[in-house]
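> What follows is a single structure, and I will ask about it in a moment.
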Amino acid sequence: MAESSGIRARSPVVGLPRGCLSQLQVLAQSVSAVAPSAVMVTLPALVMAEVGRGVIVVFVVATLLIAAVGYCVRQFATRMAAVSGLYSYTVKGLGPPTGFAAGWSLLVGYGAAAMASLIGAGSYLAALLGRAGVPQGMPATVALAAAAGAVALLLMLRGVQLSARIMLAIEVFAILAASAVLVVAFVAGGGAAAGAAPSAPSGTPGAAGFAVLLAITAFVGFESAGTVAREARHPLVTVTRAIRWTPIVVGVLYLFAAALQLPDSARLGTDSLRIVLTLPDRIGGGSSVLAALMEAGIAASWFACVLGSVTALSRTLFAMGREGVLPVVGRTHRRFGTPSAALLVTMPLVVAVPLACLLVSGSSRATLVGLLAVSAHGYIVAYVLVCAATPAFLRRIGESTLWTSAIGCATAACLVGLIVGVGVTSWGRAEGTPTIVYLAIMALGVAVYVVRIRPRPAVAQRIGVYDETTEADLFRPAPPWAVRR
């Protein structure tokens, strides 16, 4: 009967709990992966160095582009509960080979973002503890980053509800702390950001395009709510809302932060990891309190980003394990219902790789920026593919419209044009190193596809798993994940 009715006896993603995350907890997943408070006091400064007072326009353009990507992602999120988000979405539109490329690219995005976040958390924690007399330096940063990774692993193994609550609390505190510091700095400076001479743009070829690309990286991770769809209550509604509102909310925060930051602070931010707020002397001892508050908020935000990025990474790996693409990682914890195998495989790499890079480079800033650049490649390529998949998916299910097709194609074309333009202008410069690293990892993905998927048609057919109704569900009057109208 099960075969004739098309109803499965078991969901392909059984093992993960259903219906345990509220709307706020799903939203916390998206927001924490973005790490808005850390971005608020760092990225606007880097963008100002490229375009001066054009930073406002740049962030408006970036917000619109990401909102368009979110529109495309929502076309899938309203119709399926996929634990691997963009990976499964792209498979449904463009087929297994292209979908696997998007999924592998997302692994790069989530993984490199988590690694960069560990460096950020360790660096800011070291600076904060240095105010209490704890010796600073590379050993302190390495030890604190490793400790943050261990704590993150324990929290994620314990359960998605616990980590989601912690992410939500951390981000609320971090955003309030960053906003308070920026406002006090602006007011104490007598509105210096509005009246000071604009910082000089870099003047390099393609500076505007590079600035937009930098601004886009401030939003990456917003789509990760899709990776907790199985665990969300009413996922077709809650996930869609999180994906819709996250870019808008964080875009407003970035515009607010960019408008308040001083041009002098922006120039300092290009030379150091910690952004120095040039508070006037008349603040007195308050400036050190504000700096400590800022460091605590940003360290907390980076830690939340570790949780959010690895949560999404582990669930994408979990899906690949259930499909048969990667061995072992499809297992879940019997008691807590977490993708424990994927977490135990992932976290040692997430901790070891950035610490090795940090020890080799000797620079927290260089390591952080390099890993973020690699992460941006992974995210943006996945965004291009899911936007291109949207018209094909809707056409396949008979729900295509001219509006959705136009948005999907236009957004994909804009992102491709941006990437190509920046790539051409940065060719032969140090900025090209992350591209080489990304391409090398993608080449490894090609090898995985050739060895694990291409010779096994059954595996290729399973790619793109999502939560499905089972026989047992038919006897439940109101499943916890059902959409109620």
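Identifiers in the structure tokens: chain A, B, ... in order shown; residue index from 1 per chain; ligand index from 1 in order shown.
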DSSP on the backbone, then: every residue of stretch 203-249 of chain A marked alpha helix (DSSP H), written as a list in words.

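DSSP-assigned alpha helix (DSSP H) residues in stretch 203-249 of chain A: Ala207, Ala208, Gly209, Phe210, Ala211, Val212, Leu213, Leu214, Ala215, Ile216, Thr217, Pro235, Leu236, Val237, Thr238, Val239, Thr240, Arg241, Ala242, Ile243, Arg244, Trp245, Thr246, Pro247, Ile248 and Val249 of chain A.
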
> Can you write out as CSV which residues of stretch 295-316 of chain A fall within 7 Å of stretch 154-176 of chain A, alongside each residue's closest atom pair and its distance in Å to one decimal, counting only C-alpha atoms and ordering rows by chain and ascending residue number?


residue,atom,partner,partner_atom,distance
A:Gly297,CA,A:Ala174,CA,4.1
A:Ile298,CA,A:Ala174,CA,6.2
A:Ala300,CA,A:Ile170,CA,6.0
A:Ser301,CA,A:Ala174,CA,5.8
A:Ala304,CA,A:Met167,CA,5.2

> May I have the residues within 9 Å of A:Ala112 as a VMD selection string, using only C-alpha atoms and disregarding those fewer than 4 positions away in the same chain?

chain A and resid 107 to 108 116 to 117 309 350 354 371 to 376 378

> Go ahead and compute the interatomic distance for atom CA of A:Gly103 and atom CA of A:Ala392, in Å to one decimal.

17.7 Å

> Calculated over only C-alpha atoms, which of the candidates A:Ile380, A:Val386, A:Leu94, A:Ala28 has the smallest distance to A:Tyr110?

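For A:Tyr110, the nearest of the given residues is A:Ile380.
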
> Name the closest residue to A:Gly122 among the candidates A:Leu344, A:Val57, A:Ile453, A:Ala148; distances are taken between atoms, counting only C-alpha atoms.

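Among A:Leu344, A:Val57, A:Ile453, A:Ala148, it is A:Ala148 that comes nearest to A:Gly122.
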
> Taking into account only C-alpha atoms, which residue in the set A:Ala82, A:Ala225, A:Ala67, A:Ala259 is nearest to A:Gly52?

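With only C-alpha atoms as the atom set, the closest residue is A:Ala259.
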
> Counting only C-alpha atoms, what is within 12 Å of A:Ala440, bar same-chain residues fewer than 5 positions away, as a list of chain:residue names?

A:Ser105, A:Val108, A:Val374, A:Gly378, A:Thr433, A:Pro434, A:Thr435, A:Gly445, A:Val446, A:Ala447

> Please provide as a PDB file with N, CA and C atoms, in the first residue's frame all residues within 12 Å of A:Pro235, with the sequence filter that same-chain residues fewer than 2 positions apart are discarded (counting only C-alpha atoms).


ATOM      1  N   ARG A  18      11.211  16.769  15.131  1.00  0.00           N
ATOM      2  CA  ARG A  18      10.292  17.616  14.383  1.00  0.00           C
ATOM      3  C   ARG A  18       9.618  18.633  15.306  1.00  0.00           C
ATOM      4  N   GLY A  19       9.395  19.815  14.758  1.00  0.00           N
ATOM      5  CA  GLY A  19       8.543  20.797  15.409  1.00  0.00           C
ATOM      6  C   GLY A  19       8.977  21.275  16.772  1.00  0.00           C
ATOM      7  N   CYS A  20      10.277  21.458  17.006  1.00  0.00           N
ATOM      8  CA  CYS A  20      10.728  21.878  18.335  1.00  0.00           C
ATOM      9  C   CYS A  20      11.220  23.320  18.376  1.00  0.00           C
ATOM     10  N   LEU A  21      11.365  23.977  17.231  1.00  0.00           N
ATOM     11  CA  LEU A  21      11.885  25.347  17.197  1.00  0.00           C
ATOM     12  C   LEU A  21      10.771  26.337  16.900  1.00  0.00           C
ATOM     13  N   SER A  22      10.711  27.390  17.700  1.00  0.00           N
ATOM     14  CA  SER A  22       9.731  28.450  17.493  1.00  0.00           C
ATOM     15  C   SER A  22      10.180  29.385  16.377  1.00  0.00           C
ATOM     16  N   GLN A  23       9.304  30.344  16.045  1.00  0.00           N
ATOM     17  CA  GLN A  23       9.658  31.324  15.027  1.00  0.00           C
ATOM     18  C   GLN A  23      10.905  32.112  15.405  1.00  0.00           C
ATOM     19  N   GLN A  25      13.344  31.211  17.368  1.00  0.00           N
ATOM     20  CA  GLN A  25      14.529  30.356  17.328  1.00  0.00           C
ATOM     21  C   GLN A  25      14.976  30.096  15.895  1.00  0.00           C
ATOM     22  N   VAL A  26      14.035  29.958  14.969  1.00  0.00           N
ATOM     23  CA  VAL A  26      14.390  29.825  13.555  1.00  0.00           C
ATOM     24  C   VAL A  26      15.038  31.109  13.054  1.00  0.00           C
ATOM     25  N   LEU A  27      14.475  32.245  13.454  1.00  0.00           N
ATOM     26  CA  LEU A  27      15.060  33.530  13.078  1.00  0.00           C
ATOM     27  C   LEU A  27      16.466  33.671  13.654  1.00  0.00           C
ATOM     28  N   ARG A  74      12.735  31.693  -1.089  1.00  0.00           N
ATOM     29  CA  ARG A  74      11.404  31.486  -0.497  1.00  0.00           C
ATOM     30  C   ARG A  74      10.484  30.679  -1.405  1.00  0.00           C
ATOM     31  N   PHE A  76      11.199  28.014  -2.805  1.00  0.00           N
ATOM     32  CA  PHE A  76      11.417  26.626  -2.401  1.00  0.00           C
ATOM     33  C   PHE A  76      10.974  26.395  -0.959  1.00  0.00           C
ATOM     34  N   ALA A  77      11.304  27.348  -0.075  1.00  0.00           N
ATOM     35  CA  ALA A  77      11.045  27.162   1.357  1.00  0.00           C
ATOM     36  C   ALA A  77       9.561  27.069   1.667  1.00  0.00           C
ATOM     37  N   THR A  78       8.712  27.668   0.842  1.00  0.00           N
ATOM     38  CA  THR A  78       7.265  27.587   1.065  1.00  0.00           C
ATOM     39  C   THR A  78       6.679  26.266   0.575  1.00  0.00           C
ATOM     40  N   ARG A  79       7.484  25.453  -0.092  1.00  0.00           N
ATOM     41  CA  ARG A  79       6.961  24.223  -0.706  1.00  0.00           C
ATOM     42  C   ARG A  79       7.610  22.944  -0.196  1.00  0.00           C
ATOM     43  N   MET A  80       8.750  23.051   0.512  1.00  0.00           N
ATOM     44  CA  MET A  80       9.428  21.851   0.995  1.00  0.00           C
ATOM     45  C   MET A  80      10.246  22.156   2.238  1.00  0.00           C
ATOM     46  N   ALA A  81      10.356  21.147   3.113  1.00  0.00           N
ATOM     47  CA  ALA A  81      11.145  21.271   4.338  1.00  0.00           C
ATOM     48  C   ALA A  81      12.429  20.471   4.155  1.00  0.00           C
ATOM     49  N   ALA A  82      13.468  21.146   3.681  1.00  0.00           N
ATOM     50  CA  ALA A  82      14.738  20.488   3.363  1.00  0.00           C
ATOM     51  C   ALA A  82      15.766  20.797   4.434  1.00  0.00           C
ATOM     52  N   VAL A  83      16.417  19.769   4.965  1.00  0.00           N
ATOM     53  CA  VAL A  83      17.394  19.996   6.035  1.00  0.00           C
ATOM     54  C   VAL A  83      18.720  20.527   5.500  1.00  0.00           C
ATOM     55  N   GLY A  85      18.740  22.973   2.990  1.00  0.00           N
ATOM     56  CA  GLY A  85      18.500  24.288   2.420  1.00  0.00           C
ATOM     57  C   GLY A  85      18.779  24.394   0.936  1.00  0.00           C
ATOM     58  N   ALA A 225      18.305  29.394   7.753  1.00  0.00           N
ATOM     59  CA  ALA A 225      17.085  28.937   8.421  1.00  0.00           C
ATOM     60  C   ALA A 225      16.510  27.712   7.720  1.00  0.00           C
ATOM     61  N   GLY A 226      16.762  27.604   6.417  1.00  0.00           N
ATOM     62  CA  GLY A 226      16.266  26.447   5.671  1.00  0.00           C
ATOM     63  C   GLY A 226      16.850  25.128   6.135  1.00  0.00           C
ATOM     64  N   THR A 227      18.006  25.168   6.785  1.00  0.00           N
ATOM     65  CA  THR A 227      18.642  23.922   7.223  1.00  0.00           C
ATOM     66  C   THR A 227      18.032  23.369   8.510  1.00  0.00           C
ATOM     67  N   VAL A 228      17.192  24.146   9.197  1.00  0.00           N
ATOM     68  CA  VAL A 228      16.518  23.648  10.399  1.00  0.00           C
ATOM     69  C   VAL A 228      15.026  23.466  10.147  1.00  0.00           C
ATOM     70  N   ALA A 229      14.636  23.313   8.878  1.00  0.00           N
ATOM     71  CA  ALA A 229      13.219  23.193   8.532  1.00  0.00           C
ATOM     72  C   ALA A 229      12.582  21.971   9.181  1.00  0.00           C
ATOM     73  N   ARG A 230      13.289  20.846   9.225  1.00  0.00           N
ATOM     74  CA  ARG A 230      12.755  19.643   9.857  1.00  0.00           C
ATOM     75  C   ARG A 230      12.451  19.898  11.334  1.00  0.00           C
ATOM     76  N   GLU A 231      13.281  20.697  11.989  1.00  0.00           N
ATOM     77  CA  GLU A 231      13.162  20.917  13.430  1.00  0.00           C
ATOM     78  C   GLU A 231      12.268  22.101  13.792  1.00  0.00           C
ATOM     79  N   ALA A 232      11.787  22.824  12.787  1.00  0.00           N
ATOM     80  CA  ALA A 232      10.979  24.018  13.040  1.00  0.00           C
ATOM     81  C   ALA A 232       9.491  23.674  13.129  1.00  0.00           C
ATOM     82  N   ARG A 233       8.775  24.436  13.946  1.00  0.00           N
ATOM     83  CA  ARG A 233       7.323  24.342  13.957  1.00  0.00           C
ATOM     84  C   ARG A 233       6.790  25.079  12.735  1.00  0.00           C
ATOM     85  N   VAL A 237       6.084  28.084   6.984  1.00  0.00           N
ATOM     86  CA  VAL A 237       5.791  29.467   7.360  1.00  0.00           C
ATOM     87  C   VAL A 237       6.978  30.102   8.075  1.00  0.00           C
ATOM     88  N   THR A 238       7.486  29.435   9.123  1.00  0.00           N
ATOM     89  CA  THR A 238       8.528  30.055   9.956  1.00  0.00           C
ATOM     90  C   THR A 238       9.831  30.242   9.202  1.00  0.00           C
ATOM     91  N   VAL A 239      10.227  29.249   8.416  1.00  0.00           N
ATOM     92  CA  VAL A 239      11.465  29.381   7.646  1.00  0.00           C
ATOM     93  C   VAL A 239      11.338  30.491   6.609  1.00  0.00           C
ATOM     94  N   THR A 240      10.191  30.540   5.960  1.00  0.00           N
ATOM     95  CA  THR A 240       9.970  31.574   4.943  1.00  0.00           C
ATOM     96  C   THR A 240      10.033  32.976   5.551  1.00  0.00           C
ATOM     97  N   ARG A 241       9.438  33.137   6.733  1.00  0.00           N
ATOM     98  CA  ARG A 241       9.479  34.449   7.384  1.00  0.00           C
ATOM     99  C   ARG A 241      10.909  34.833   7.755  1.00  0.00           C
ATOM    100  N   ALA A 242      11.672  33.880   8.271  1.00  0.00           N
ATOM    101  CA  ALA A 242      13.052  34.177   8.654  1.00  0.00           C
ATOM    102  C   ALA A 242      13.877  34.606   7.442  1.00  0.00           C
ATOM    103  N   ILE A 243      13.684  33.923   6.332  1.00  0.00           N
ATOM    104  CA  ILE A 243      14.437  34.251   5.119  1.00  0.00           C
ATOM    105  C   ILE A 243      13.995  35.591   4.542  1.00  0.00           C
ATOM    106  N   TYR A 466      14.479  15.644   1.519  1.00  0.00           N
ATOM    107  CA  TYR A 466      13.762  16.594   2.364  1.00  0.00           C
ATOM    108  C   TYR A 466      12.759  15.825   3.210  1.00  0.00           C
ATOM    109  N   ASP A 467      12.218  16.485   4.210  1.00  0.00           N
ATOM    110  CA  ASP A 467      11.274  15.822   5.113  1.00  0.00           C
ATOM    111  C   ASP A 467       9.979  15.526   4.365  1.00  0.00           C
ATOM    112  N   PRO A 479      -0.305  17.251  12.555  1.00  0.00           N
ATOM    113  CA  PRO A 479       1.142  17.096  12.689  1.00  0.00           C
ATOM    114  C   PRO A 479       1.782  18.394  13.143  1.00  0.00           C
ATOM    115  N   PRO A 480       2.831  18.334  13.940  1.00  0.00           N
ATOM    116  CA  PRO A 480       3.441  19.560  14.482  1.00  0.00           C
ATOM    117  C   PRO A 480       4.048  20.453  13.431  1.00  0.00           C
ATOM    118  N   TRP A 481       4.353  19.909  12.249  1.00  0.00           N
ATOM    119  CA  TRP A 481       4.978  20.748  11.215  1.00  0.00           C
ATOM    120  C   TRP A 481       3.958  21.229  10.169  1.00  0.00           C
ATOM    121  N   ALA A 482       2.680  20.869  10.388  1.00  0.00           N
ATOM    122  CA  ALA A 482       1.670  21.231   9.398  1.00  0.00           C
ATOM    123  C   ALA A 482       1.466  22.740   9.351  1.00  0.00           C
ATOM    124  N   VAL A 483       1.087  23.235   8.192  1.00  0.00           N
ATOM    125  CA  VAL A 483       0.811  24.661   8.040  1.00  0.00           C
ATOM    126  C   VAL A 483      -0.657  24.892   8.330  1.00  0.00           C
ATOM    127  N   ARG A 484      -0.949  25.676   9.347  1.00  0.00           N
ATOM    128  CA  ARG A 484      -2.343  25.968   9.692  1.00  0.00           C
ATOM    129  C   ARG A 484      -2.703  27.350   9.153  1.00  0.00           C
TER     130      ARG A 484
END

> Just to confirm, what's the straight-line distance from atom CA of A:Leu326 to atom CA of A:Ala342 in Å (one decimal)?

10.1 Å

> So which residues touch stretch 393-408 of chain A within 9 Å, counting only C-alpha atoms, skipping near sequence neighbours fewer than 2 positions away, as a PyMOL selection string?

chain A and resi 68-69+71-72+75-76+89-90+92-94+384+386-391+410-413

> May I have the residues within 12 Å of A:Val13 as a JSON list (two decimals) with N, CA, C and O atoms, in the first residue's frame, using only C-alpha atoms and disregarding those fewer than 3 positions away in the same chain?


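Output contents, as saved in selection31.json:
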[["chain", "number", "residue", "atom", "x", "y", "z"],
["A", 8, "ARG", "N", 5.83, 7.21, 2.19],
["A", 8, "ARG", "CA", 6.96, 6.48, 2.76],
["A", 8, "ARG", "C", 6.62, 5.92, 4.15],
["A", 8, "ARG", "O", 5.80, 6.47, 4.87],
["A", 9, "ALA", "N", 7.30, 4.84, 4.50],
["A", 9, "ALA", "CA", 7.18, 4.31, 5.85],
["A", 9, "ALA", "C", 8.01, 5.15, 6.82],
["A", 9, "ALA", "O", 7.66, 5.28, 7.99],
["A", 10, "ARG", "N", 9.11, 5.71, 6.32],
["A", 10, "ARG", "CA", 10.00, 6.55, 7.14],
["A", 10, "ARG", "C", 10.41, 7.77, 6.34],
["A", 10, "ARG", "O", 10.62, 7.69, 5.14],
["A", 16, "LEU", "N", 16.29, 13.42, 13.20],
["A", 16, "LEU", "CA", 16.21, 14.81, 13.65],
["A", 16, "LEU", "C", 14.81, 15.05, 14.22],
["A", 16, "LEU", "O", 13.83, 14.57, 13.66],
["A", 17, "PRO", "N", 14.68, 15.79, 15.31],
["A", 17, "PRO", "CA", 13.36, 16.03, 15.90],
["A", 17, "PRO", "C", 12.51, 16.93, 15.02],
["A", 17, "PRO", "O", 13.02, 17.74, 14.26],
["A", 18, "ARG", "N", 11.21, 16.77, 15.13],
["A", 18, "ARG", "CA", 10.29, 17.62, 14.38],
["A", 18, "ARG", "C", 9.62, 18.63, 15.31],
["A", 18, "ARG", "O", 9.31, 18.34, 16.45],
["A", 81, "ALA", "N", 10.36, 21.15, 3.11],
["A", 81, "ALA", "CA", 11.15, 21.27, 4.34],
["A", 81, "ALA", "C", 12.43, 20.47, 4.15],
["A", 81, "ALA", "O", 12.48, 19.27, 4.41],
["A", 82, "ALA", "N", 13.47, 21.15, 3.68],
["A", 82, "ALA", "CA", 14.74, 20.49, 3.36],
["A", 82, "ALA", "C", 15.77, 20.80, 4.43],
["A", 82, "ALA", "O", 15.97, 21.96, 4.78],
["A", 83, "VAL", "N", 16.42, 19.77, 4.96],
["A", 83, "VAL", "CA", 17.39, 20.00, 6.03],
["A", 83, "VAL", "C", 18.72, 20.53, 5.50],
["A", 83, "VAL", "O", 19.60, 20.89, 6.29],
["A", 84, "SER", "N", 18.87, 20.57, 4.18],
["A", 84, "SER", "CA", 20.12, 21.08, 3.62],
["A", 84, "SER", "C", 19.91, 22.38, 2.86],
["A", 84, "SER", "O", 20.81, 22.84, 2.16],
["A", 227, "THR", "N", 18.01, 25.17, 6.78],
["A", 227, "THR", "CA", 18.64, 23.92, 7.22],
["A", 227, "THR", "C", 18.03, 23.37, 8.51],
["A", 227, "THR", "O", 18.34, 22.25, 8.90],
["A", 228, "VAL", "N", 17.19, 24.15, 9.20],
["A", 228, "VAL", "CA", 16.52, 23.65, 10.40],
["A", 228, "VAL", "C", 15.03, 23.47, 10.15],
["A", 228, "VAL", "O", 14.22, 23.44, 11.09],
["A", 229, "ALA", "N", 14.64, 23.31, 8.88],
["A", 229, "ALA", "CA", 13.22, 23.19, 8.53],
["A", 229, "ALA", "C", 12.58, 21.97, 9.18],
["A", 229, "ALA", "O", 11.44, 22.03, 9.65],
["A", 230, "ARG", "N", 13.29, 20.85, 9.22],
["A", 230, "ARG", "CA", 12.75, 19.64, 9.86],
["A", 230, "ARG", "C", 12.45, 19.90, 11.33],
["A", 230, "ARG", "O", 11.47, 19.39, 11.88],
["A", 231, "GLU", "N", 13.28, 20.70, 11.99],
["A", 231, "GLU", "CA", 13.16, 20.92, 13.43],
["A", 231, "GLU", "C", 12.27, 22.10, 13.79],
["A", 231, "GLU", "O", 12.04, 22.36, 14.97],
["A", 315, "ARG", "N", 24.00, 20.01, 9.15],
["A", 315, "ARG", "CA", 22.77, 19.49, 8.56],
["A", 315, "ARG", "C", 22.90, 19.28, 7.06],
["A", 315, "ARG", "O", 22.27, 18.38, 6.51],
["A", 316, "THR", "N", 23.71, 20.07, 6.40],
["A", 316, "THR", "CA", 23.99, 19.81, 4.99],
["A", 316, "THR", "C", 24.78, 18.51, 4.84],
["A", 316, "THR", "O", 24.48, 17.69, 3.96],
["A", 317, "LEU", "N", 25.77, 18.31, 5.69],
["A", 317, "LEU", "CA", 26.52, 17.05, 5.68],
["A", 317, "LEU", "C", 25.62, 15.88, 6.04],
["A", 317, "LEU", "O", 25.73, 14.79, 5.46],
["A", 318, "PHE", "N", 24.72, 16.08, 7.01],
["A", 318, "PHE", "CA", 23.78, 15.03, 7.40],
["A", 318, "PHE", "C", 22.94, 14.59, 6.20],
["A", 318, "PHE", "O", 22.73, 13.39, 5.97],
["A", 319, "ALA", "N", 22.46, 15.56, 5.42],
["A", 319, "ALA", "CA", 21.67, 15.22, 4.24],
["A", 319, "ALA", "C", 22.50, 14.42, 3.24],
["A", 319, "ALA", "O", 22.03, 13.43, 2.67],
["A", 320, "MET", "N", 23.76, 14.83, 3.04],
["A", 320, "MET", "CA", 24.62, 14.07, 2.12],
["A", 320, "MET", "C", 24.87, 12.66, 2.64],
["A", 320, "MET", "O", 24.98, 11.72, 1.85],
["A", 321, "GLY", "N", 24.94, 12.51, 3.95],
["A", 321, "GLY", "CA", 25.11, 11.18, 4.52],
["A", 321, "GLY", "C", 23.89, 10.31, 4.28],
["A", 321, "GLY", "O", 24.01, 9.13, 3.94],
["A", 322, "ARG", "N", 22.69, 10.87, 4.45],
["A", 322, "ARG", "CA", 21.47, 10.12, 4.22],
["A", 322, "ARG", "C", 21.29, 9.75, 2.74],
["A", 322, "ARG", "O", 20.66, 8.74, 2.42],
["A", 323, "GLU", "N", 21.83, 10.58, 1.87],
["A", 323, "GLU", "CA", 21.74, 10.29, 0.44],
["A", 323, "GLU", "C", 22.73, 9.22, 0.00],
["A", 323, "GLU", "O", 22.58, 8.64, -1.09],
["A", 330, "GLY", "N", 25.55, 10.67, 8.23],
["A", 330, "GLY", "CA", 24.09, 10.69, 8.27],
["A", 330, "GLY", "C", 23.50, 10.18, 9.57],
["A", 330, "GLY", "O", 22.29, 10.08, 9.70],
["A", 331, "ARG", "N", 24.33, 9.88, 10.56],
["A", 331, "ARG", "CA", 23.84, 9.35, 11.83],
["A", 331, "ARG", "C", 23.47, 10.48, 12.80],
["A", 331, "ARG", "O", 24.09, 11.54, 12.79],
["A", 332, "THR", "N", 22.48, 10.21, 13.64],
["A", 332, "THR", "CA", 22.06, 11.19, 14.65],
["A", 332, "THR", "C", 22.23, 10.62, 16.05],
["A", 332, "THR", "O", 22.32, 9.40, 16.25],
["A", 337, "GLY", "N", 18.93, 13.77, 19.35],
["A", 337, "GLY", "CA", 18.42, 13.99, 18.01],
["A", 337, "GLY", "C", 19.21, 14.99, 17.20],
["A", 337, "GLY", "O", 18.67, 15.67, 16.33],
["A", 338, "THR", "N", 20.50, 15.12, 17.47],
["A", 338, "THR", "CA", 21.36, 16.04, 16.72],
["A", 338, "THR", "C", 22.22, 15.25, 15.73],
["A", 338, "THR", "O", 22.48, 14.06, 15.95],
["A", 339, "PRO", "N", 22.66, 15.87, 14.64],
["A", 339, "PRO", "CA", 23.53, 15.17, 13.68],
["A", 339, "PRO", "C", 24.93, 15.00, 14.25],
["A", 339, "PRO", "O", 25.89, 15.64, 13.81],
["A", 462, "ARG", "N", 18.74, 9.92, -5.06],
["A", 462, "ARG", "CA", 18.41, 10.31, -3.69],
["A", 462, "ARG", "C", 18.87, 11.72, -3.34],
["A", 462, "ARG", "O", 18.48, 12.27, -2.31],
["A", 464, "GLY", "N", 19.16, 15.49, -2.75],
["A", 464, "GLY", "CA", 18.11, 16.49, -2.56],
["A", 464, "GLY", "C", 17.02, 16.04, -1.60],
["A", 464, "GLY", "O", 15.86, 16.42, -1.75],
["A", 465, "VAL", "N", 17.36, 15.24, -0.58],
["A", 465, "VAL", "CA", 16.35, 14.73, 0.35],
["A", 465, "VAL", "C", 15.72, 15.86, 1.15],
["A", 465, "VAL", "O", 16.35, 16.89, 1.39],
["A", 466, "TYR", "N", 14.48, 15.64, 1.52],
["A", 466, "TYR", "CA", 13.76, 16.59, 2.36],
["A", 466, "TYR", "C", 12.76, 15.83, 3.21],
["A", 466, "TYR", "O", 12.51, 14.63, 2.98],
["A", 467, "ASP", "N", 12.22, 16.48, 4.21],
["A", 467, "ASP", "CA", 11.27, 15.82, 5.11],
["A", 467, "ASP", "C", 9.98, 15.53, 4.37],
["A", 467, "ASP", "O", 9.41, 16.42, 3.73],
["A", 468, "GLU", "N", 9.53, 14.29, 4.44],
["A", 468, "GLU", "CA", 8.32, 13.88, 3.74],
["A", 468, "GLU", "C", 7.31, 13.29, 4.70],
["A", 468, "GLU", "O", 7.66, 12.77, 5.77],
["A", 469, "THR", "N", 6.04, 13.35, 4.30],
["A", 469, "THR", "CA", 4.97, 12.74, 5.07],
["A", 469, "THR", "C", 5.13, 11.23, 5.08],
["A", 469, "THR", "O", 5.45, 10.62, 4.05],
["A", 470, "THR", "N", 4.93, 10.60, 6.23],
["A", 470, "THR", "CA", 5.05, 9.15, 6.37],
["A", 470, "THR", "C", 3.68, 8.53, 6.67],
["A", 470, "THR", "O", 2.70, 9.24, 6.92]]

> Atom CA of A:Val450 and atom CA of A:Leu415, how far apart in Å?

27.9 Å
